[in-house]
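Raw work_16.tsv, TSV, C-alpha atoms:
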```
chain	number	residue	atom	x	y	z
N	246	MET	CA	36.36	-0.52	-75.79
N	247	GLY	CA	39.27	1.32	-77.45
N	248	LYS	CA	36.82	3.63	-79.21
N	249	MET	CA	35.08	4.42	-75.91
N	250	ILE	CA	38.42	5.28	-74.25
N	251	ASN	CA	39.45	7.46	-77.21
N	252	ARG	CA	36.09	9.23	-77.18
N	253	SER	CA	36.33	9.84	-73.42
N	254	LEU	CA	39.87	11.19	-73.82
N	255	LEU	CA	38.75	13.41	-76.69
N	256	PHE	CA	35.98	14.92	-74.53
N	257	THR	CA	38.44	15.47	-71.67
N	258	TYR	CA	40.81	17.40	-73.94
N	259	LEU	CA	37.87	19.29	-75.44
N	260	TYR	CA	36.68	20.38	-71.98
N	261	LEU	CA	40.24	21.41	-71.06
N	262	LEU	CA	40.48	23.46	-74.25
N	263	ILE	CA	37.10	25.13	-73.58
N	264	TYR	CA	38.21	25.89	-69.99
N	265	ILE	CA	41.51	27.47	-71.16
N	266	LEU	CA	39.78	29.54	-73.87
N	267	LEU	CA	36.94	30.73	-71.60
N	268	SER	CA	39.26	31.50	-68.69
N	269	SER	CA	41.56	33.57	-70.92
N	270	GLY	CA	38.54	35.13	-72.66
N	271	VAL	CA	36.87	36.32	-69.44
N	272	ILE	CA	40.07	38.00	-68.20
N	273	LEU	CA	40.68	39.72	-71.55
N	274	TYR	CA	36.99	40.72	-71.75
N	275	ASN	CA	37.12	42.33	-68.28
N	276	LYS	CA	40.29	44.21	-69.24
N	277	TRP	CA	38.69	45.38	-72.52
N	278	VAL	CA	35.53	46.62	-70.75
N	279	LEU	CA	37.44	48.49	-68.01
N	280	SER	CA	40.31	49.89	-70.09
N	281	PRO	CA	40.05	53.61	-70.95
N	282	LYS	CA	41.66	52.83	-74.33
N	283	TYR	CA	38.94	50.39	-75.42
N	284	PHE	CA	35.33	50.15	-74.18
N	285	ASN	CA	36.19	52.78	-71.57
N	286	PHE	CA	34.05	51.77	-68.62
N	287	PRO	CA	36.54	52.59	-65.83
N	288	PHE	CA	34.25	51.50	-62.99
N	289	PRO	CA	35.53	48.17	-61.61
N	290	ILE	CA	33.22	48.17	-58.56
N	291	THR	CA	30.19	48.59	-60.83
N	292	LEU	CA	31.36	45.72	-63.05
N	293	THR	CA	31.88	43.50	-59.99
N	294	MET	CA	28.42	44.43	-58.68
N	295	ILE	CA	26.89	43.45	-62.04
N	296	HIS	CA	28.62	40.05	-61.72
N	297	MET	CA	27.41	39.62	-58.15
N	298	GLY	CA	23.85	40.66	-58.99
N	299	PHE	CA	23.73	38.32	-61.98
N	300	SER	CA	25.22	35.39	-60.05
N	301	GLY	CA	22.89	35.96	-57.10
N	302	ALA	CA	19.88	35.98	-59.46
N	303	VAL	CA	21.04	32.75	-61.18
N	304	ALA	CA	21.56	31.09	-57.77
N	305	PHE	CA	18.14	32.28	-56.54
N	306	PHE	CA	16.35	30.78	-59.56
N	307	LEU	CA	18.29	27.50	-59.27
N	308	VAL	CA	17.55	27.18	-55.53
N	309	ARG	CA	14.07	28.69	-55.14
N	310	VAL	CA	12.37	28.38	-58.55
N	311	PHE	CA	13.86	25.33	-60.28
N	312	LYS	CA	14.87	23.65	-56.98
N	313	VAL	CA	18.02	22.16	-58.49
N	314	VAL	CA	19.50	22.13	-54.97
N	315	SER	CA	18.07	22.66	-51.49
N	316	PRO	CA	19.16	25.57	-49.29
N	317	VAL	CA	21.06	24.71	-46.10
N	318	GLN	CA	19.71	25.26	-42.59
N	319	MET	CA	21.05	28.80	-42.23
N	320	THR	CA	20.79	30.46	-38.82
N	321	PHE	CA	21.35	34.14	-38.04
N	322	GLU	CA	24.46	33.23	-36.00
N	323	ILE	CA	26.06	31.32	-38.92
N	324	TYR	CA	25.13	34.12	-41.33
N	325	ALA	CA	26.60	36.80	-39.06
N	326	THR	CA	29.79	34.94	-38.10
N	327	CYS	CA	30.52	33.09	-41.38
N	328	VAL	CA	28.71	34.45	-44.43
N	329	ILE	CA	29.19	38.17	-43.70
N	330	PRO	CA	33.00	38.13	-43.07
N	331	ILE	CA	33.61	35.70	-45.96
N	332	SER	CA	31.51	37.89	-48.27
N	333	ALA	CA	33.46	40.98	-47.17
N	334	PHE	CA	36.80	39.43	-48.18
N	335	PHE	CA	35.30	37.96	-51.36
N	336	ALA	CA	33.97	41.39	-52.40
N	337	SER	CA	37.33	43.01	-51.54
N	338	SER	CA	39.38	40.52	-53.56
N	339	LEU	CA	37.19	41.03	-56.64
N	340	TRP	CA	37.11	44.82	-56.23
N	341	PHE	CA	40.90	45.21	-55.88
N	342	GLY	CA	41.63	42.59	-58.56
N	343	ASN	CA	39.36	44.27	-61.11
N	344	THR	CA	40.69	47.75	-60.24
N	345	ALA	CA	44.21	46.56	-61.09
N	346	TYR	CA	43.12	46.21	-64.76
N	347	LEU	CA	42.92	50.02	-64.95
N	348	HIS	CA	46.59	50.44	-64.11
N	349	ILE	CA	48.64	47.40	-65.20
N	350	SER	CA	48.67	44.92	-68.07
N	351	VAL	CA	46.96	41.51	-68.10
N	352	ALA	CA	50.37	39.85	-68.57
N	353	PHE	CA	51.83	41.51	-65.47
N	354	ILE	CA	48.68	40.75	-63.45
N	355	GLN	CA	49.08	37.04	-64.29
N	356	MET	CA	52.71	37.20	-63.18
N	357	LEU	CA	51.72	38.80	-59.85
N	358	LYS	CA	49.07	36.11	-59.35
N	359	ALA	CA	51.86	33.57	-58.92
N	360	LEU	CA	52.01	35.03	-55.38
N	361	MET	CA	48.61	33.51	-54.53
N	362	PRO	CA	49.95	30.28	-52.95
N	363	VAL	CA	52.55	32.33	-51.04
N	364	ALA	CA	49.89	34.62	-49.52
N	365	THR	CA	47.57	31.73	-48.65
N	366	PHE	CA	50.33	29.65	-47.08
N	367	LEU	CA	51.56	32.57	-44.94
N	368	VAL	CA	48.03	33.50	-43.80
N	369	ALA	CA	47.29	29.83	-43.00
N	370	VAL	CA	50.50	29.59	-40.92
N	371	LEU	CA	49.70	32.84	-39.07
N	372	CYS	CA	46.15	31.61	-38.34
N	373	GLY	CA	47.49	28.28	-37.11
N	374	THR	CA	45.70	26.18	-39.74
N	375	ASP	CA	48.89	25.10	-41.49
N	376	LYS	CA	52.33	24.13	-40.19
N	377	LEU	CA	55.47	25.96	-41.28
N	378	ARG	CA	57.36	23.42	-43.40
N	379	TRP	CA	60.78	24.36	-44.71
N	380	ASP	CA	60.38	22.57	-48.07
N	381	VAL	CA	57.16	24.51	-48.74
N	382	PHE	CA	58.70	27.73	-47.39
N	383	MET	CA	61.66	27.42	-49.81
N	384	ASN	CA	59.22	26.98	-52.70
N	385	MET	CA	57.34	30.08	-51.58
N	386	LEU	CA	60.63	31.99	-51.42
N	387	LEU	CA	61.44	30.89	-54.98
N	388	VAL	CA	58.01	32.09	-56.19
N	389	SER	CA	58.52	35.45	-54.45
N	390	VAL	CA	62.00	35.93	-55.95
N	391	GLY	CA	60.58	35.14	-59.40
N	392	VAL	CA	57.79	37.72	-59.00
N	393	VAL	CA	60.30	40.37	-57.79
N	394	VAL	CA	62.53	39.71	-60.84
N	395	SER	CA	59.48	39.87	-63.12
N	396	SER	CA	58.35	43.16	-61.53
N	397	TYR	CA	61.84	44.63	-61.94
N	398	GLY	CA	61.64	43.79	-65.65
N	399	GLU	CA	58.19	45.40	-66.10
N	400	ILE	CA	58.52	48.43	-68.42
N	401	HIS	CA	55.16	49.99	-67.47
N	402	PHE	CA	55.52	49.29	-63.73
N	403	ASN	CA	52.73	51.05	-61.87
N	404	VAL	CA	52.85	51.19	-58.06
N	405	VAL	CA	49.09	51.83	-57.66
N	406	GLY	CA	48.09	48.88	-59.90
N	407	THR	CA	50.60	46.57	-58.22
N	408	VAL	CA	49.34	47.54	-54.74
N	409	TYR	CA	45.73	46.93	-55.84
N	410	GLN	CA	46.57	43.48	-57.24
N	411	VAL	CA	48.66	42.38	-54.24
N	412	THR	CA	45.93	43.65	-51.85
N	413	GLY	CA	43.37	41.63	-53.86
N	414	ILE	CA	45.56	38.54	-53.53
N	415	LEU	CA	45.88	39.09	-49.77
N	416	ALA	CA	42.09	39.53	-49.42
N	417	GLU	CA	41.56	36.30	-51.37
N	418	ALA	CA	44.05	34.45	-49.15
N	419	LEU	CA	42.29	35.72	-46.01
N	420	ARG	CA	38.93	34.66	-47.43
N	421	LEU	CA	40.16	31.15	-48.22
N	422	VAL	CA	41.62	30.61	-44.75
N	423	LEU	CA	38.64	32.26	-43.04
N	424	THR	CA	36.29	30.00	-45.01
N	425	GLN	CA	38.29	26.98	-43.93
N	426	VAL	CA	38.29	27.94	-40.25
N	427	LEU	CA	34.71	29.23	-39.91
N	428	LEU	CA	32.81	26.72	-42.01
N	429	GLN	CA	34.78	23.81	-40.60
N	430	LYS	CA	34.11	24.98	-37.05
N	431	LYS	CA	30.38	25.27	-37.74
N	432	GLY	CA	30.32	21.96	-39.63
N	433	LEU	CA	28.58	23.72	-42.52
N	434	THR	CA	28.84	22.36	-46.04
N	435	LEU	CA	27.88	24.41	-49.08
N	436	ASN	CA	27.82	23.35	-52.71
N	437	PRO	CA	28.69	25.89	-55.45
N	438	ILE	CA	25.11	27.03	-55.99
N	439	THR	CA	24.13	27.44	-52.33
N	440	SER	CA	27.41	29.24	-51.57
N	441	LEU	CA	26.50	31.75	-54.28
N	442	TYR	CA	22.93	31.94	-53.05
N	443	TYR	CA	24.10	33.22	-49.65
N	444	ILE	CA	27.38	35.00	-50.47
N	445	ALA	CA	26.69	36.86	-53.76
N	446	PRO	CA	23.90	39.13	-52.36
N	447	CYS	CA	25.96	39.86	-49.24
N	448	SER	CA	29.03	40.70	-51.39
N	449	PHE	CA	26.81	42.98	-53.50
N	450	MET	CA	25.83	44.93	-50.37
N	451	PHE	CA	29.47	45.27	-49.26
N	452	LEU	CA	30.41	46.61	-52.71
N	453	PHE	CA	27.56	49.12	-52.59
N	454	VAL	CA	29.31	51.21	-49.90
N	455	PRO	CA	32.57	51.90	-51.83
N	456	TRP	CA	30.55	52.22	-55.06
N	457	TYR	CA	28.35	54.97	-53.56
N	458	PHE	CA	31.35	57.06	-52.46
N	459	LEU	CA	33.95	56.24	-55.15
N	460	GLU	CA	32.13	55.53	-58.41
N	461	LYS	CA	28.59	56.94	-58.23
N	462	PRO	CA	29.73	60.62	-58.37
N	463	GLY	CA	31.97	59.88	-61.38
N	464	MET	CA	29.21	57.99	-63.20
N	465	GLU	CA	26.85	60.96	-62.80
N	466	VAL	CA	29.36	63.40	-64.30
N	467	SER	CA	31.04	61.40	-67.09
N	468	GLN	CA	29.43	60.38	-70.36
N	469	ILE	CA	29.50	56.62	-69.80
N	470	GLN	CA	28.26	54.16	-72.35
N	471	PHE	CA	26.20	51.46	-70.70
N	472	ASN	CA	25.73	48.78	-73.35
N	473	PHE	CA	23.31	46.20	-71.90
N	474	TRP	CA	24.49	43.37	-74.18
N	475	ILE	CA	28.15	43.94	-73.39
N	476	PHE	CA	27.55	43.51	-69.64
N	477	VAL	CA	25.14	40.57	-70.00
N	478	SER	CA	27.52	38.73	-72.34
N	479	ASN	CA	30.41	39.47	-69.94
N	480	ALA	CA	28.44	37.90	-67.05
N	481	ILE	CA	27.34	34.94	-69.21
N	482	CYS	CA	30.97	34.28	-70.24
N	483	ALA	CA	31.96	34.11	-66.57
N	484	LEU	CA	29.05	31.73	-65.90
N	485	ALA	CA	30.10	29.54	-68.86
N	486	LEU	CA	33.65	29.50	-67.49
N	487	ASN	CA	32.39	28.13	-64.18
N	488	PHE	CA	30.46	25.35	-65.88
N	489	SER	CA	33.53	24.46	-67.95
N	490	ILE	CA	35.50	24.24	-64.68
N	491	PHE	CA	32.93	21.77	-63.31
N	492	LEU	CA	33.18	19.64	-66.46
N	493	VAL	CA	36.98	19.60	-66.24
N	494	ILE	CA	36.98	18.75	-62.51
N	495	GLY	CA	34.59	15.84	-63.11
N	496	ARG	CA	36.80	14.32	-65.81
N	497	THR	CA	40.41	14.92	-64.73
N	498	GLY	CA	42.70	14.66	-61.75
N	499	ALA	CA	44.40	17.39	-59.74
N	500	VAL	CA	47.69	17.14	-61.65
N	501	THR	CA	45.99	17.58	-65.07
N	502	ILE	CA	44.11	20.64	-63.81
N	503	ARG	CA	47.31	22.19	-62.47
N	504	VAL	CA	49.11	21.60	-65.80
N	505	ALA	CA	46.12	23.15	-67.61
N	506	GLY	CA	46.26	26.14	-65.23
N	507	VAL	CA	49.96	26.74	-65.92
N	508	LEU	CA	49.37	26.33	-69.68
N	509	LYS	CA	46.46	28.80	-69.48
N	510	ASP	CA	48.66	31.42	-67.80
N	511	TRP	CA	51.29	31.23	-70.56
N	512	ILE	CA	48.62	31.34	-73.29
N	513	LEU	CA	46.97	34.31	-71.59
N	514	ILE	CA	50.23	36.24	-71.31
N	515	ALA	CA	50.92	35.64	-75.03
N	516	LEU	CA	47.32	36.45	-76.06
N	517	SER	CA	47.20	39.65	-74.02
N	518	THR	CA	50.17	41.10	-75.93
N	519	VAL	CA	48.31	40.44	-79.21
N	520	VAL	CA	44.93	41.80	-78.06
N	521	PHE	CA	46.46	44.75	-76.19
N	522	PRO	CA	49.58	45.74	-78.17
N	523	GLU	CA	50.52	48.45	-75.65
N	524	SER	CA	51.43	45.76	-73.08
N	525	THR	CA	55.02	44.84	-73.85
N	526	ILE	CA	56.81	41.89	-72.26
N	527	THR	CA	60.54	41.98	-71.54
N	528	GLY	CA	62.99	39.09	-71.25
N	529	LEU	CA	63.29	39.78	-67.53
N	530	ASN	CA	59.49	39.46	-67.20
N	531	ILE	CA	59.63	35.99	-68.73
N	532	ILE	CA	62.68	34.88	-66.72
N	533	GLY	CA	61.09	36.05	-63.45
N	534	TYR	CA	57.77	34.40	-64.23
N	535	ALA	CA	59.52	31.14	-65.20
N	536	ILE	CA	61.34	31.15	-61.83
N	537	ALA	CA	58.05	31.77	-60.01
N	538	LEU	CA	56.30	28.98	-61.93
N	539	CYS	CA	59.09	26.52	-61.03
N	540	GLY	CA	58.25	27.22	-57.37
N	541	VAL	CA	54.51	26.81	-58.00
N	542	VAL	CA	55.02	23.51	-59.89
N	543	MET	CA	57.29	22.11	-57.14
N	544	TYR	CA	54.75	23.23	-54.52
N	545	ASN	CA	51.93	21.47	-56.40
N	546	TYR	CA	54.07	18.32	-56.64
N	547	LEU	CA	54.63	18.35	-52.86
N	548	LYS	CA	50.89	18.76	-52.23
N	549	VAL	CA	49.87	15.93	-54.58
N	550	LYS	CA	52.54	13.69	-53.02
N	551	ASP	CA	51.32	14.52	-49.48
N	552	VAL	CA	47.70	13.74	-50.33
N	553	ARG	CA	48.57	10.47	-52.08
N	554	ALA	CA	50.73	9.43	-49.12
N	555	SER	CA	47.88	10.13	-46.69
N	556	GLN	CA	45.34	8.28	-48.84
N	557	LEU	CA	46.90	5.05	-49.92
N	558	PRO	CA	48.34	3.04	-47.01
N	559	THR	CA	45.39	2.40	-44.70
N	560	ASP	CA	42.17	3.10	-46.58
N	561	GLY	CA	39.88	0.45	-47.91
N	562	ILE	CA	38.98	0.64	-51.59
N	563	PRO	CA	35.60	2.45	-51.15
N	564	GLU	CA	37.10	5.05	-48.79
N	565	ARG	CA	40.08	5.51	-51.10
N	566	ILE	CA	37.87	6.10	-54.12
N	567	ALA	CA	35.78	8.61	-52.15
N	568	LYS	CA	38.87	10.51	-51.01
N	569	ILE	CA	40.37	10.57	-54.50
N	570	GLN	CA	37.07	11.95	-55.82
N	571	ASP	CA	37.16	14.59	-53.07
N	572	TRP	CA	40.75	15.53	-53.97
N	573	LYS	CA	39.82	15.82	-57.64
N	574	LEU	CA	37.10	18.27	-56.82
N	575	GLU	CA	38.78	20.68	-54.46
N	576	LYS	CA	41.18	22.49	-56.75
N	577	LYS	CA	39.92	26.03	-57.15
N	578	SER	CA	41.32	29.10	-55.49
N	579	SER	CA	37.90	30.61	-55.73
N	580	ASP	CA	36.30	27.92	-53.59
N	581	LEU	CA	34.04	29.55	-51.07
N	582	LEU	CA	34.28	26.47	-48.89
N	583	ARG	CA	36.24	23.50	-47.75
N	584	PRO	CA	33.49	21.23	-46.44
N	585	ASP	CA	35.23	18.17	-45.01
N	586	SER	CA	36.47	18.57	-41.47
N	587	SER	CA	37.25	14.90	-40.97
N	588	GLU	CA	40.95	15.31	-41.68
N	589	GLY	CA	41.48	17.93	-38.97
N	590	ASN	CA	42.81	21.45	-39.31
N	591	ASN	CA	45.88	20.52	-41.33
N	592	GLU	CA	43.57	19.79	-44.26
N	593	ILE	CA	44.06	23.44	-45.18
N	594	SER	CA	47.39	22.47	-46.69
N	595	SER	CA	45.64	20.41	-49.33
N	596	SER	CA	42.70	22.73	-49.87
N	597	ALA	CA	42.83	26.48	-49.39
N	598	SER	CA	46.54	26.70	-50.05
N	599	ASP	CA	46.29	24.61	-53.23
N	600	ILE	CA	45.92	27.46	-55.62
N	601	ILE	CA	44.97	27.70	-59.24
N	602	THR	CA	43.69	31.19	-59.63
N	603	ASP	CA	40.54	32.02	-61.55
N	604	GLU	CA	39.02	34.56	-59.28
N	605	GLU	CA	38.10	36.69	-62.25
N	606	ALA	CA	35.18	34.27	-62.68
N	607	PRO	CA	33.17	35.17	-59.62
N	608	LEU	CA	29.82	33.73	-60.66
N	609	ILE	CA	29.81	30.21	-59.31
N	610	PRO	CA	32.89	29.53	-57.18
N	611	SER	CA	33.77	25.98	-58.05
N	612	SER	CA	33.86	23.14	-55.63
N	613	ARG	CA	32.12	19.83	-56.01
N	614	LEU	CA	29.61	20.42	-58.73
N	615	SER	CA	30.15	17.05	-60.38
N	616	HIS	CA	28.39	15.63	-57.32
N	617	ILE	CA	25.23	17.41	-58.45
N	618	GLY	CA	25.14	15.26	-61.54
N	619	ARG	CA	25.87	12.06	-59.67
N	620	THR	CA	24.36	12.21	-56.20
N	621	GLN	CA	21.26	13.53	-54.52
N	622	LEU	CA	21.93	16.73	-52.60
N	623	SER	CA	20.57	16.74	-49.09
N	624	SER	CA	19.41	19.83	-47.24
N	625	HIS	CA	22.78	20.17	-45.49
N	626	GLY	CA	24.90	20.28	-48.67
N	627	VAL	CA	26.88	17.79	-50.68
```
Show me the file's structure as structure tokens.
Amino acid sequence: MGKMINRSLLFTYLYLLIYILLSSGVILYNKWVLSPKYFNFPFPITLTMIHMGFSGAVAFFLVRVFKVVSPVQMTFEIYATCVIPISAFFASSLWFGNTAYLHISVAFIQMLKALMPVATFLVAVLCGTDKLRWDVFMNMLLVSVGVVVSSYGEIHFNVVGTVYQVTGILAEALRLVLTQVLLQKKGLTLNPITSLYYIAPCSFMFLFVPWYFLEKPGMEVSQIQFNFWIFVSNAICALALNFSIFLVIGRTGAVTIRVAGVLKDWILIALSTVVFPESTITGLNIIGYAIALCGVVMYNYLKVKDVRASQLPTDGIPERIAKIQDWKLEKKSSDLLRPDSSEGNNEISSSASDIITDEEAPLIPSSRLSHIGRTQLSSHGV
């Protein structure tokens, strides 16, 4: 029995390690591909379109050819009112986020990403899906102060890059809240593969418009190197990252994932200064980021406490287990969905605004994939 527990624990830590390495690797890989100093492919929209095309193709084969999952009953009305607007914000967040790599360092981007829970909370409050709570608001204020201090300490501060990254964060926050509101209202549930199946092609089409006007002329003029294996391996790494996320979600709880996310951010900041020596970190950067992370950690603690308080008193054991499983599996900022509407609108506070950012892995936005291995998927989702 002891050996079984040790083996299980070993696999859990192994999956966490793989997740941290792949997550850091994908971000650094994207930066290396886009950076004029390295691979020199300064076309972020094109790179994002390659990701979307690849992910859409993978989803199509899994749904239509291998029939791993069944497509949902999609109507034109749901597609027009849910899929199209969600895809527009998804495409925007990836476009702006990837463009930021051209102007600012990976380390500074990670520091700015601490604003993700702030943006999502504020958007949720403005849309009426979350209540303004002063304890959460004070945490958000602490995160914002930390990011401002960190920005002040940035040696290579670039206004354009910062605006791109913050706009990307805002687009992601709008997408998360919009997903919550629209899909909940329609009662539509999507698993990771079906969400890709519908949203990736639509995002690709949205990206085509800015690509045609902003990047196509430049690609025709400049001597670009289009290395097929570089782009395929980049897309495969992002796909591998998503599968590692599913493995981690299936084996750990929300707190462990949050700790791993914080650890990954610190590792990534340290790694980026080794891989890209031109990105220097100042003491003020670190102090500001530490302040911001204190706010994020306290915010996560409040959320976990809220969910546990709502779960434990009245539920029977089967319902409690089901809810705990649900909570384990809803951690990603890049979720394209929040399926359960049974808890009412305030559920947004324990879903969309629970942020661990990995939106640089756009291939299969994580949600409840571990269900695929354990339960039969019906035609209306998980």
> So which residues touch stretch 514-530 of chain N within 8 Å, counting all atoms listed in the file, skipping near sequence neighbours fewer than 3 positions away, as a ChimeraX atom specification?
Replying inline: /N:273,350-352,355,394-401,510-511,533-534
>> Just the number, please: distance in Å from atom CA of N:Ser337 to atom CA of N:Phe458, one decimal.
In response: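 Separation between atom CA of N:Ser337 and atom CA of N:Phe458: 15.3 Å.
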>> Please list as a PyMOL selection string every residue within 12 Å of stretch 462-465 of chain N, counting all atoms listed in the file and excluding residues in the same chain fewer than 3 positions away.
In response: chain N and resi 286-291+455-459+468-471
>> Give me the residues near stretch 294-303 of chain N as a ChimeraX atom specification, where near means some atom within 9 Å (using all atoms listed in the file) and where sequence neighbours in that chain fewer than 6 positions away do not count.
In response: /N:336,438,441-446,448-450,452-453,456,476-477,479-481,483-484,606-609
Mind writing the picked residues with C-alpha atoms as a short mmCIF file (atom, residue, chain, number, x, y, z; two decimals), in the coordinates of the input?
```
data_model
loop_
_atom_site.label_atom_id
_atom_site.label_comp_id
_atom_site.auth_asym_id
_atom_site.auth_seq_id
_atom_site.Cartn_x
_atom_site.Cartn_y
_atom_site.Cartn_z
CA ALA N 336 33.97 41.39 -52.40
CA ILE N 438 25.11 27.03 -55.99
CA LEU N 441 26.50 31.75 -54.28
CA TYR N 442 22.93 31.94 -53.05
CA TYR N 443 24.10 33.22 -49.65
CA ILE N 444 27.38 35.00 -50.47
CA ALA N 445 26.69 36.86 -53.76
CA PRO N 446 23.90 39.13 -52.36
CA SER N 448 29.03 40.70 -51.39
CA PHE N 449 26.81 42.98 -53.50
CA MET N 450 25.83 44.93 -50.37
CA LEU N 452 30.41 46.61 -52.71
CA PHE N 453 27.56 49.12 -52.59
CA TRP N 456 30.55 52.22 -55.06
CA PHE N 476 27.55 43.51 -69.64
CA VAL N 477 25.14 40.57 -70.00
CA ASN N 479 30.41 39.47 -69.94
CA ALA N 480 28.44 37.90 -67.05
CA ILE N 481 27.34 34.94 -69.21
CA ALA N 483 31.96 34.11 -66.57
CA LEU N 484 29.05 31.73 -65.90
CA ALA N 606 35.18 34.27 -62.68
CA PRO N 607 33.17 35.17 -59.62
CA LEU N 608 29.82 33.73 -60.66
CA ILE N 609 29.81 30.21 -59.31
#
```
> In terms of the shortest atom-to-atom distance over all atoms listed in the file, which of N:Val363, N:Val393, N:Ala325, N:Val408 is closest to N:Ile532?
Replying inline: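 Residue with the minimum atom-to-atom distance to N:Ile532: N:Val393.
Counting all atoms listed in the file and comparing N:Leu433, N:Val404, N:Leu415, N:Leu255, the residue that lies closest to N:Gln318 is N:Leu433.
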> Nearest to N:Leu266 among N:Val313, N:Leu367, N:Leu423, N:Ile490, with distances taken over all atoms listed in the file: which residue is it?
Replying inline: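 Using all atoms listed in the file, the shortest distance to N:Leu266 belongs to N:Ile490.
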>> Report, in Å to a single decimal, how far apart atom CA of N:Thr374 and atom CA of N:Val426 are.
In response: 7.6 Å
For stretch 368-380 of chain N, what centre and edge lengths in Å (one decimal) does the axis-aligned box get once 8 Å is added on each side of all its listed atoms, as AutoDock Vina command-line options?
```
--center_x 53.2 --center_y 28.0 --center_z -42.6 --size_x 31.1 --size_y 26.9 --size_z 27.0
```
>> Counting only C-alpha atoms, which residue out of N:Thr293, N:Val388, N:Phe321, N:Val411 sits closest to N:Ala345?
In response: N:Val411
> Nearest to N:Gly506: which of N:Tyr264, N:Trp277, N:Phe256, N:Phe335 is it, counting all atoms listed in the file?
Replying inline: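 Checking each of N:Tyr264, N:Trp277, N:Phe256, N:Phe335 against N:Gly506, counting all atoms listed in the file, the winner is N:Tyr264.
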> Looking at N:Arg496, N:Arg420, N:Lys548, N:Lys282, which one is nearest to N:Ala333, with distances taken over all atoms listed in the file?
Replying inline: N:Arg420
Stretch 290-305 of chain N dumped to file, N, CA and C atoms, as an mmCIF file, in the first residue's frame:
```cif
data_model
loop_
_atom_site.group_PDB
_atom_site.id
_atom_site.type_symbol
_atom_site.label_atom_id
_atom_site.label_comp_id
_atom_site.auth_asym_id
_atom_site.auth_seq_id
_atom_site.Cartn_x
_atom_site.Cartn_y
_atom_site.Cartn_z
ATOM 1 N N ILE N 290 0.761 37.510 -35.632
ATOM 2 C CA ILE N 290 -0.571 37.074 -36.087
ATOM 3 C C ILE N 290 -0.429 35.773 -36.876
ATOM 4 N N THR N 291 0.615 35.710 -37.717
ATOM 5 C CA THR N 291 0.861 34.494 -38.504
ATOM 6 C C THR N 291 1.110 33.303 -37.587
ATOM 7 N N LEU N 292 1.937 33.510 -36.557
ATOM 8 C CA LEU N 292 2.239 32.432 -35.607
ATOM 9 C C LEU N 292 0.968 31.959 -34.907
ATOM 10 N N THR N 293 0.127 32.908 -34.500
ATOM 11 C CA THR N 293 -1.137 32.571 -33.833
ATOM 12 C C THR N 293 -2.069 31.817 -34.783
ATOM 13 N N MET N 294 -2.080 32.225 -36.062
ATOM 14 C CA MET N 294 -2.915 31.539 -37.051
ATOM 15 C C MET N 294 -2.433 30.104 -37.282
ATOM 16 N N ILE N 295 -1.117 29.900 -37.250
ATOM 17 C CA ILE N 295 -0.564 28.539 -37.379
ATOM 18 C C ILE N 295 -1.058 27.682 -36.209
ATOM 19 N N HIS N 296 -1.027 28.247 -34.992
ATOM 20 C CA HIS N 296 -1.532 27.534 -33.808
ATOM 21 C C HIS N 296 -3.006 27.192 -33.958
ATOM 22 N N MET N 297 -3.784 28.178 -34.401
ATOM 23 C CA MET N 297 -5.226 27.960 -34.546
ATOM 24 C C MET N 297 -5.540 26.922 -35.618
ATOM 25 N N GLY N 298 -4.829 27.014 -36.743
ATOM 26 C CA GLY N 298 -5.034 26.045 -37.822
ATOM 27 C C GLY N 298 -4.679 24.635 -37.384
ATOM 28 N N PHE N 299 -3.555 24.509 -36.681
ATOM 29 C CA PHE N 299 -3.102 23.203 -36.204
ATOM 30 C C PHE N 299 -4.089 22.637 -35.182
ATOM 31 N N SER N 300 -4.515 23.488 -34.235
ATOM 32 C CA SER N 300 -5.435 23.023 -33.194
ATOM 33 C C SER N 300 -6.796 22.658 -33.765
ATOM 34 N N GLY N 301 -7.261 23.450 -34.746
ATOM 35 C CA GLY N 301 -8.531 23.139 -35.403
ATOM 36 C C GLY N 301 -8.466 21.808 -36.137
ATOM 37 N N ALA N 302 -7.319 21.550 -36.794
ATOM 38 C CA ALA N 302 -7.143 20.279 -37.523
ATOM 39 C C ALA N 302 -7.120 19.095 -36.558
ATOM 40 N N VAL N 303 -6.401 19.249 -35.425
ATOM 41 C CA VAL N 303 -6.340 18.187 -34.412
ATOM 42 C C VAL N 303 -7.745 17.898 -33.875
ATOM 43 N N ALA N 304 -8.485 18.981 -33.551
ATOM 44 C CA ALA N 304 -9.854 18.829 -33.035
ATOM 45 C C ALA N 304 -10.762 18.156 -34.060
ATOM 46 N N PHE N 305 -10.630 18.547 -35.338
ATOM 47 C CA PHE N 305 -11.457 17.957 -36.397
ATOM 48 C C PHE N 305 -11.226 16.442 -36.486
#
```
